[in-house]
Amino acid sequence: MQPAAANTLTEHYKDYFATAEQLDWYRLMAVDKADNVILLSKDVPHESILDIGAGDGAVLNRLDHLGFGSKLYAVHISESGLKALREKSWKRLVECKPFDGYNIPYPDDSFDLAVLSHVVEHVEHPRMLLREAARVARHVYIEVPLENNRSNRHRLRKDFILDATGHINFYSPDLIRLLVQSTGLRVVRQEIRHFTPKAYTRHAGRKGLIKYAIKEAAYRINHRWAASIFNYHFGLLCTRHK
């Protein structure tokens with residue numbers, strides 16, 4: 001039996017999805033996250049999709065409204081997240097279940113595609129969860145924020161404190177790729193992605209737009225170089241080795 005999520009992390013996410021402001025933010029960010037899933041996964045089977053660590057279901061709900069997948073499932077550790085998920089309007093949701101953070105309550109090969117969108121950076125034992133994802137699905141899509149870079153160096157050198165984001169793992173493109181490969185998964189394709197300006201302007205207005213423009217210019221010059229300086233997001237589509 002694999003370990004359940006530590007009590008501190010479970011408690012951290014207990015009421016994580018309880019406010020309207022948080023849910024509105026997740027809905028905004030889900031637009032780009034869902035687009036990234038489709039971009040990398042559209043040419044592999046995706047009739048049945050499991051969203052692991054689905055949060056309030058914003059990403060899966062966006063996929064539902066875009067018609068990506070015909071049978072959608074979700075698991076999450078937070079009851080507040082599952083409550084918010086159930087309250088959304090759905091066309092293709094089959095069921096959502098609580099889980100302990102590691103043991104996915106489905107048999108082997110139950111799904112075409114498992115999605116872990118901005119989940120692995122929160123997980124104490126990411127290899128355990130990735131192996132479980134690969135057990136229940138033939139393809140696995142993983143997306144993480146790229147936070148191991150120069151702009152975060154001062155923060156990463158300080159003593160660790162669990163903040164509101166709940167991130168306990170910090171990745172560069174190479175680190176997350178190696179982590180994924182060390183679980184026995186094969187990377188089919190990968191891409192560094194930059195979010196749309198709305199993610200920057202919602203809280204910071206004009207200053208946010210300036211920040212976006214600087215990061216977008218760096219991104220257009222060279223994705224990997226830009227990611228060594230600024231935060232972006234990294235998606236990987238993976239499959240099991242035959």
# chains A, B, ... in the order shown; residues from 1 in each chain; ligands from 1
>>> residues_around(residues="Glu216 in chain A", least_positions_apart="5", cutoff="9 Å", atoms="only C-alpha atoms", output="list of chain:residue names")
A:His194, A:Lys211, A:Ile221, A:Ala226
>>> select_by_dssp(residues="range 39-230 of chain A", states="strand (DSSP E or B)", output="JSON, numbers by chain")
{"A": [48, 49, 50, 51, 52, 71, 72, 73, 74, 75, 76, 93, 94, 95, 96, 97, 98, 111, 112, 113, 114, 115, 116, 117, 137, 138, 139, 140, 141, 142, 143, 144, 145, 146, 171, 185, 186, 187, 188, 189, 190, 191, 192, 193]}
>>> write_last_selection(atoms="C-alpha atoms", output="short mmCIF file (atom, residue, chain, number, x, y, z; two decimals), in the first residue's frame")
data_model
loop_
_atom_site.label_atom_id
_atom_site.label_comp_id
_atom_site.auth_asym_id
_atom_site.auth_seq_id
_atom_site.Cartn_x
_atom_site.Cartn_y
_atom_site.Cartn_z
CA SER A 48 -11.75 8.28 -21.79
CA ILE A 49 -9.86 10.83 -19.69
CA LEU A 50 -8.98 10.79 -15.97
CA ASP A 51 -8.05 14.12 -14.38
CA ILE A 52 -5.81 13.27 -11.41
CA LYS A 71 -16.06 9.93 -20.94
CA LEU A 72 -14.51 12.14 -18.26
CA TYR A 73 -13.47 11.13 -14.75
CA ALA A 74 -11.78 12.95 -11.87
CA VAL A 75 -10.05 12.18 -8.56
CA HIS A 76 -8.86 14.62 -5.90
CA LEU A 93 -18.58 13.70 -16.72
CA VAL A 94 -19.07 10.07 -15.67
CA GLU A 95 -17.93 10.32 -12.05
CA CYS A 96 -15.55 11.98 -9.62
CA LYS A 97 -14.03 10.29 -6.59
CA PRO A 98 -11.94 11.20 -3.56
CA PHE A 111 -8.36 5.15 -19.45
CA ASP A 112 -6.90 6.35 -22.71
CA LEU A 113 -5.39 9.47 -21.14
CA ALA A 114 -4.54 10.59 -17.60
CA VAL A 115 -4.00 14.30 -16.98
CA LEU A 116 -1.89 15.74 -14.17
CA SER A 117 -2.07 19.47 -14.82
CA ALA A 137 -3.92 5.06 -18.42
CA ARG A 138 -2.15 4.31 -21.67
CA HIS A 139 -0.98 7.91 -22.12
CA VAL A 140 -0.17 10.46 -19.41
CA TYR A 141 -0.13 14.23 -19.85
CA ILE A 142 1.87 16.16 -17.23
CA GLU A 143 2.17 19.93 -16.86
CA VAL A 144 4.19 21.81 -14.24
CA PRO A 145 5.28 25.39 -13.68
CA LEU A 146 8.96 25.98 -14.45
CA TYR A 171 11.33 22.13 -11.76
CA LEU A 185 7.55 6.58 -18.85
CA ARG A 186 8.66 7.56 -22.34
CA VAL A 187 8.28 11.21 -23.38
CA VAL A 188 6.43 11.38 -26.69
CA ARG A 189 6.50 15.16 -27.02
CA GLN A 190 7.03 18.20 -24.83
CA GLU A 191 6.61 21.95 -25.06
CA ILE A 192 7.29 25.07 -23.01
CA ARG A 193 4.19 27.27 -22.98
#
>>> residues_around(residues="Leu39 in chain A", least_positions_apart="2", cutoff="12 Å", atoms="only C-alpha atoms", output="list in words")
Asp32, Lys33, Ala34, Asp35, Asn36, Val37, Ser41, Lys42, Asp43, Val44, Leu63, Phe68, Tyr141, Arg189, Gln190, Glu191, Ile192, Arg193, Gly235, Leu236 and Leu237 of chain A
>>> atom_distance(atom1="CA of Asn231 in chain A", atom2="CA of Leu156 in chain A")
13.3 Å
>>> closest_residue(among="A:Glu124, A:Glu132, A:Glu87, A:Glu147", to="Gly57 in chain A", atoms="only C-alpha atoms")
A:Glu87
>>> atom_distance(atom1="CA of Leu179 in chain A", atom2="CA of His118 in chain A")
14.8 Å
>>> select_by_dssp(residues="range 79-211 of chain A", states="helix (DSSP H, G or I)", output="PyMOL selection string")
chain A and resi 79-86+120-122+126-136+150-156+173-182+198-211
>>> atom_distance(atom1="CA of Tyr26 in chain A", atom2="CA of Ser89 in chain A")
15.4 Å
>>> residues_around(residues="Pro126 in chain A", least_positions_apart="2", cutoff="12 Å", atoms="only C-alpha atoms", output="mmCIF file with N, CA and C atoms, in the first residue's frame")
data_model
loop_
_atom_site.group_PDB
_atom_site.id
_atom_site.type_symbol
_atom_site.label_atom_id
_atom_site.label_comp_id
_atom_site.auth_asym_id
_atom_site.auth_seq_id
_atom_site.Cartn_x
_atom_site.Cartn_y
_atom_site.Cartn_z
ATOM 1 N N GLN A 2 0.627 2.142 -0.927
ATOM 2 C CA GLN A 2 1.394 3.383 -0.993
ATOM 3 C C GLN A 2 0.882 4.367 0.051
ATOM 4 N N PRO A 3 1.734 5.285 0.502
ATOM 5 C CA PRO A 3 1.324 6.206 1.555
ATOM 6 C C PRO A 3 0.284 7.203 1.087
ATOM 7 N N ALA A 5 -1.381 11.031 1.260
ATOM 8 C CA ALA A 5 -0.762 12.348 1.378
ATOM 9 C C ALA A 5 -0.593 12.698 2.853
ATOM 10 N N GLY A 101 -4.335 10.604 -2.614
ATOM 11 C CA GLY A 101 -3.174 11.309 -3.148
ATOM 12 C C GLY A 101 -2.225 10.424 -3.924
ATOM 13 N N TYR A 102 -2.369 9.103 -3.799
ATOM 14 C CA TYR A 102 -1.464 8.174 -4.487
ATOM 15 C C TYR A 102 -2.180 6.982 -5.101
ATOM 16 N N LEU A 116 -2.359 15.150 -15.427
ATOM 17 C CA LEU A 116 -1.888 15.737 -14.174
ATOM 18 C C LEU A 116 -1.429 17.154 -14.492
ATOM 19 N N HIS A 118 -0.575 20.663 -13.344
ATOM 20 C CA HIS A 118 -0.154 21.438 -12.170
ATOM 21 C C HIS A 118 -0.496 20.685 -10.884
ATOM 22 N N VAL A 119 -0.030 19.439 -10.858
ATOM 23 C CA VAL A 119 -0.230 18.555 -9.713
ATOM 24 C C VAL A 119 1.106 18.100 -9.133
ATOM 25 N N VAL A 120 2.037 17.720 -9.999
ATOM 26 C CA VAL A 120 3.285 17.077 -9.555
ATOM 27 C C VAL A 120 4.110 17.989 -8.650
ATOM 28 N N GLU A 121 4.002 19.303 -8.826
ATOM 29 C CA GLU A 121 4.755 20.230 -7.971
ATOM 30 C C GLU A 121 4.218 20.252 -6.543
ATOM 31 N N HIS A 122 3.041 19.661 -6.317
ATOM 32 C CA HIS A 122 2.416 19.631 -4.994
ATOM 33 C C HIS A 122 2.647 18.320 -4.243
ATOM 34 N N VAL A 123 3.226 17.319 -4.893
ATOM 35 C CA VAL A 123 3.184 15.938 -4.399
ATOM 36 C C VAL A 123 4.476 15.537 -3.697
ATOM 37 N N GLU A 124 4.337 14.932 -2.524
ATOM 38 C CA GLU A 124 5.504 14.494 -1.752
ATOM 39 C C GLU A 124 6.294 13.389 -2.449
ATOM 40 N N MET A 128 5.605 7.864 -7.207
ATOM 41 C CA MET A 128 4.512 6.948 -6.874
ATOM 42 C C MET A 128 3.246 7.325 -7.638
ATOM 43 N N LEU A 129 2.934 8.615 -7.673
ATOM 44 C CA LEU A 129 1.725 9.055 -8.361
ATOM 45 C C LEU A 129 1.851 8.875 -9.867
ATOM 46 N N LEU A 130 3.019 9.160 -10.415
ATOM 47 C CA LEU A 130 3.210 8.997 -11.860
ATOM 48 C C LEU A 130 3.097 7.535 -12.275
ATOM 49 N N ARG A 131 3.627 6.635 -11.450
ATOM 50 C CA ARG A 131 3.494 5.207 -11.761
ATOM 51 C C ARG A 131 2.029 4.764 -11.707
ATOM 52 N N GLU A 132 1.286 5.297 -10.753
ATOM 53 C CA GLU A 132 -0.135 4.989 -10.672
ATOM 54 C C GLU A 132 -0.884 5.518 -11.899
ATOM 55 N N ALA A 133 -0.523 6.731 -12.329
ATOM 56 C CA ALA A 133 -1.149 7.292 -13.532
ATOM 57 C C ALA A 133 -0.885 6.408 -14.734
ATOM 58 N N ILE A 142 1.385 15.520 -18.457
ATOM 59 C CA ILE A 142 1.870 16.161 -17.233
ATOM 60 C C ILE A 142 2.213 17.610 -17.564
ATOM 61 N N VAL A 144 3.693 21.192 -15.477
ATOM 62 C CA VAL A 144 4.187 21.808 -14.243
ATOM 63 C C VAL A 144 4.633 23.235 -14.531
ATOM 64 N N ILE A 168 5.835 22.218 -3.455
ATOM 65 C CA ILE A 168 6.940 21.671 -2.668
ATOM 66 C C ILE A 168 8.044 21.102 -3.558
ATOM 67 N N ASN A 169 7.818 21.092 -4.872
ATOM 68 C CA ASN A 169 8.826 20.665 -5.847
ATOM 69 C C ASN A 169 8.973 21.765 -6.891
ATOM 70 N N PHE A 170 10.213 22.009 -7.314
ATOM 71 C CA PHE A 170 10.493 23.122 -8.219
ATOM 72 C C PHE A 170 11.315 22.605 -9.391
ATOM 73 N N ILE A 176 12.104 17.910 -14.693
ATOM 74 C CA ILE A 176 10.824 17.207 -14.768
ATOM 75 C C ILE A 176 10.894 16.092 -15.805
ATOM 76 N N LEU A 179 12.632 13.205 -14.125
ATOM 77 C CA LEU A 179 11.724 12.603 -13.146
ATOM 78 C C LEU A 179 10.735 11.676 -13.840
ATOM 79 N N VAL A 180 10.127 12.158 -14.897
ATOM 80 C CA VAL A 180 9.150 11.360 -15.636
ATOM 81 C C VAL A 180 9.790 10.096 -16.193
ATOM 82 N N SER A 182 12.358 8.550 -15.104
ATOM 83 C CA SER A 182 12.794 7.648 -14.032
ATOM 84 C C SER A 182 11.661 6.788 -13.502
ATOM 85 N N THR A 183 10.416 7.089 -13.881
ATOM 86 C CA THR A 183 9.281 6.253 -13.481
ATOM 87 C C THR A 183 8.972 5.175 -14.519
#
>>> residues_around(residues="range 195-207 of chain A", least_positions_apart="4", cutoff="9 Å", atoms="only C-alpha atoms", output="list in words")
Trp25, Leu28, Met29, Asp32, Lys33, Lys211, Tyr212, Ala213, Tyr232 and His233 of chain A
>>> write_last_selection(atoms="C-alpha atoms", output="short mmCIF file (atom, residue, chain, number, x, y, z; two decimals), in the first residue's frame")
data_model
loop_
_atom_site.label_atom_id
_atom_site.label_comp_id
_atom_site.auth_asym_id
_atom_site.auth_seq_id
_atom_site.Cartn_x
_atom_site.Cartn_y
_atom_site.Cartn_z
CA TRP A 25 -8.99 32.42 -11.05
CA LEU A 28 -9.35 31.75 -16.13
CA MET A 29 -6.17 29.67 -15.94
CA ASP A 32 -4.69 27.83 -21.40
CA LYS A 33 -4.15 24.61 -19.43
CA LYS A 211 5.68 41.78 -17.43
CA TYR A 212 3.87 39.63 -19.96
CA ALA A 213 5.43 41.55 -22.88
CA TYR A 232 6.64 29.43 -17.81
CA HIS A 233 4.76 26.14 -17.98
#
